[in-house]
Amino acid sequence: MELSQEQIDNIVTLVTDYGLRIVAALAILIVGKWIASWLRSLFRKSMQKRKVDAALTGFLSNIIYALLMIAVIITAVSQLGVQTTSFIAVLGAAGLAVGLALQGSLSNFASGVLIILFRPFRAGDFVEVGGVMGVIDEIGILMTNMHSIDNKAIIMPNSQILGAHIINFTVNSTRRCDMVFGISYGDDIDKAKEIFRSVVEADERCLKDPAPTIAVSELGDSSVNFIVRPWVKAEDYWAVYWDMQETMKKRLEAEGLSIPFPQRDVHLYKTPEEG
């Protein structure tokens, strides 16, 4: 069966038309893949310069690459004349369903990304988050691992961390060591102040600048209370605090001053019936 010239022309036109579309689609795929790879590499280098966690960098770069390739594939398919509107709608509906099912995990993931980017704390920092105190071990994609001072494991969702007040005790190099000591009302205030000052100055861990604060803070029910506030390096805080409690008591006792304990005077009265 011989084809007419018109049929041959139609076949040539059809092949030429679809051939050009196929070539254009392949070109879009090749160029689009190269651009997506280049953008992924650029993103990785940017994150590495910011010293972002390697696991997070790889995870985010792969997500960016996947999204770019989806856009490239849709563009290439549309070049072939396929209607992509329904395809995009299906993808959108599937994405919405997955997002609703995993909204808690997505919230933790987004919070983890923000924590790593803005770095309110790092591994090894001693922090208080939402009333929980501990040392940061690892900042994960969904969870942050900590351990308490007595070495209990603490695992907190990232969304709870980002939504709470964060107190970082080690981010600054120095801390003020706040202590209160009381003496009896019968003791010499000036002598007590000199004792406190000499103990602080004798401890090399107490910094000269800023200068320590030593002053009467309160006339309590049973004692005259002093605030003693030297500045120390962050890593020396607890050692200085504990040592000062013992040293101050020994020095006050050696100098004849007393640390009073709460006391109450009780007066008994007899009624006329009791004689």
# chains A, B, ... in the order shown; residues from 1 in each chain; ligands from 1
$ residues_around --residues "range 185-201 of chain A" --least-positions-apart "3" --cutoff "7 Å" --atoms "only C-alpha atoms" --output "list in words"
Cys206, Ile214, Ser223, Val224 and Leu257 of chain A
$ residues_around --residues "Val228 in chain A" --least-positions-apart "4" --cutoff "7 Å" --atoms "only C-alpha atoms" --output "MDAnalysis selection string"
chainID A and resid 178:180 213:214
$ write_last_selection --atoms "N, CA and C atoms" --output "mmCIF file, in the first residue's frame"
data_model
loop_
_atom_site.group_PDB
_atom_site.id
_atom_site.type_symbol
_atom_site.label_atom_id
_atom_site.label_comp_id
_atom_site.auth_asym_id
_atom_site.auth_seq_id
_atom_site.Cartn_x
_atom_site.Cartn_y
_atom_site.Cartn_z
ATOM 1 N N ASP A 178 27.173 34.604 92.669
ATOM 2 C CA ASP A 178 26.360 35.275 93.686
ATOM 3 C C ASP A 178 26.250 34.417 94.942
ATOM 4 N N MET A 179 26.695 34.985 96.079
ATOM 5 C CA MET A 179 26.634 34.283 97.362
ATOM 6 C C MET A 179 26.124 35.225 98.441
ATOM 7 N N VAL A 180 25.509 34.656 99.466
ATOM 8 C CA VAL A 180 24.992 35.421 100.600
ATOM 9 C C VAL A 180 25.520 34.792 101.881
ATOM 10 N N THR A 213 31.725 42.574 94.192
ATOM 11 C CA THR A 213 30.802 43.392 94.991
ATOM 12 C C THR A 213 30.621 42.733 96.355
ATOM 13 N N ILE A 214 30.904 43.505 97.410
ATOM 14 C CA ILE A 214 30.723 43.018 98.786
ATOM 15 C C ILE A 214 29.993 44.113 99.551
#
$ residues_around --residues "Ala153 in chain A" --least-positions-apart "3" --cutoff "12 Å" --atoms "only C-alpha atoms" --output "compact mmCIF listing (two decimals) with N, CA and C atoms, in the first residue's frame"
# COMPACT_ATOMS: atom_id res chain seq x y z
N VAL A 132 14.37 22.74 82.27
CA VAL A 132 15.26 21.56 82.30
C VAL A 132 16.70 22.02 82.10
N MET A 133 17.59 21.59 82.98
CA MET A 133 19.00 21.97 82.90
C MET A 133 19.84 20.77 82.48
N GLY A 134 20.82 21.02 81.61
CA GLY A 134 21.69 19.93 81.19
C GLY A 134 22.74 20.41 80.22
N VAL A 135 23.62 19.49 79.85
CA VAL A 135 24.70 19.75 78.89
C VAL A 135 24.28 19.22 77.53
N ILE A 136 24.43 20.03 76.49
CA ILE A 136 24.05 19.64 75.15
C ILE A 136 25.04 18.59 74.62
N ASP A 137 24.51 17.45 74.18
CA ASP A 137 25.34 16.41 73.59
C ASP A 137 25.30 16.47 72.06
N GLU A 138 24.09 16.56 71.51
CA GLU A 138 23.96 16.52 70.05
C GLU A 138 22.68 17.23 69.65
N THR A 144 16.95 17.04 70.26
CA THR A 144 18.23 17.46 70.83
C THR A 144 18.52 16.60 72.05
N ASN A 145 19.70 16.01 72.08
CA ASN A 145 20.10 15.13 73.18
C ASN A 145 20.92 15.91 74.20
N MET A 146 20.58 15.75 75.48
CA MET A 146 21.27 16.41 76.57
C MET A 146 21.53 15.39 77.66
N HIS A 147 22.37 15.75 78.63
CA HIS A 147 22.48 14.96 79.85
C HIS A 147 22.53 15.90 81.03
N SER A 148 21.88 15.51 82.12
CA SER A 148 21.81 16.33 83.31
C SER A 148 23.13 16.26 84.07
N ILE A 149 23.24 17.05 85.13
CA ILE A 149 24.48 17.07 85.92
C ILE A 149 24.76 15.70 86.53
N ASP A 150 23.70 14.98 86.90
CA ASP A 150 23.90 13.63 87.45
C ASP A 150 23.84 12.56 86.36
N MET A 156 14.83 16.10 74.07
CA MET A 156 13.79 17.10 73.93
C MET A 156 13.49 17.35 72.45
$ residues_around --residues "Phe181 in chain A" --least-positions-apart "3" --cutoff "9 Å" --atoms "only C-alpha atoms" --output "list of chain:residue names"
A:Val224, A:Asn225, A:Phe226, A:Ile227, A:Val228, A:Gln245, A:Met248, A:Lys249, A:Ile259
$ write_last_selection --atoms "N, CA and C atoms" --output "short mmCIF file (atom, residue, chain, number, x, y, z; two decimals), in the first residue's frame"
data_model
loop_
_atom_site.label_atom_id
_atom_site.label_comp_id
_atom_site.auth_asym_id
_atom_site.auth_seq_id
_atom_site.Cartn_x
_atom_site.Cartn_y
_atom_site.Cartn_z
N VAL A 224 22.62 39.75 109.93
CA VAL A 224 22.93 40.81 108.97
C VAL A 224 23.53 40.11 107.76
N ASN A 225 22.86 40.21 106.62
CA ASN A 225 23.25 39.45 105.44
C ASN A 225 24.11 40.28 104.48
N PHE A 226 25.19 39.67 104.02
CA PHE A 226 26.08 40.29 103.05
C PHE A 226 25.94 39.59 101.70
N ILE A 227 26.02 40.36 100.62
CA ILE A 227 26.17 39.76 99.29
C ILE A 227 27.66 39.78 98.95
N VAL A 228 28.16 38.65 98.49
CA VAL A 228 29.55 38.53 98.05
C VAL A 228 29.49 38.03 96.61
N GLN A 245 31.86 28.61 100.30
CA GLN A 245 30.97 28.31 101.42
C GLN A 245 31.77 27.77 102.61
N MET A 248 34.56 30.60 103.86
CA MET A 248 33.97 31.71 104.59
C MET A 248 33.58 31.30 106.01
N LYS A 249 32.98 30.13 106.15
CA LYS A 249 32.58 29.68 107.49
C LYS A 249 33.80 29.50 108.40
N ILE A 259 27.98 32.70 112.48
CA ILE A 259 26.93 32.64 111.46
C ILE A 259 25.67 32.17 112.18
#
$ closest_residue --among "A:Leu142, A:Ile167, A:Ile155, A:Ala24" --to "Asp125 in chain A" --atoms "only C-alpha atoms"
A:Ile167
$ residues_around --residues "Asn172 in chain A" --least-positions-apart "6" --cutoff "12 Å" --atoms "only C-alpha atoms" --output "NGL selection string"
:A and (120-121 or 125-127 or 232-235)
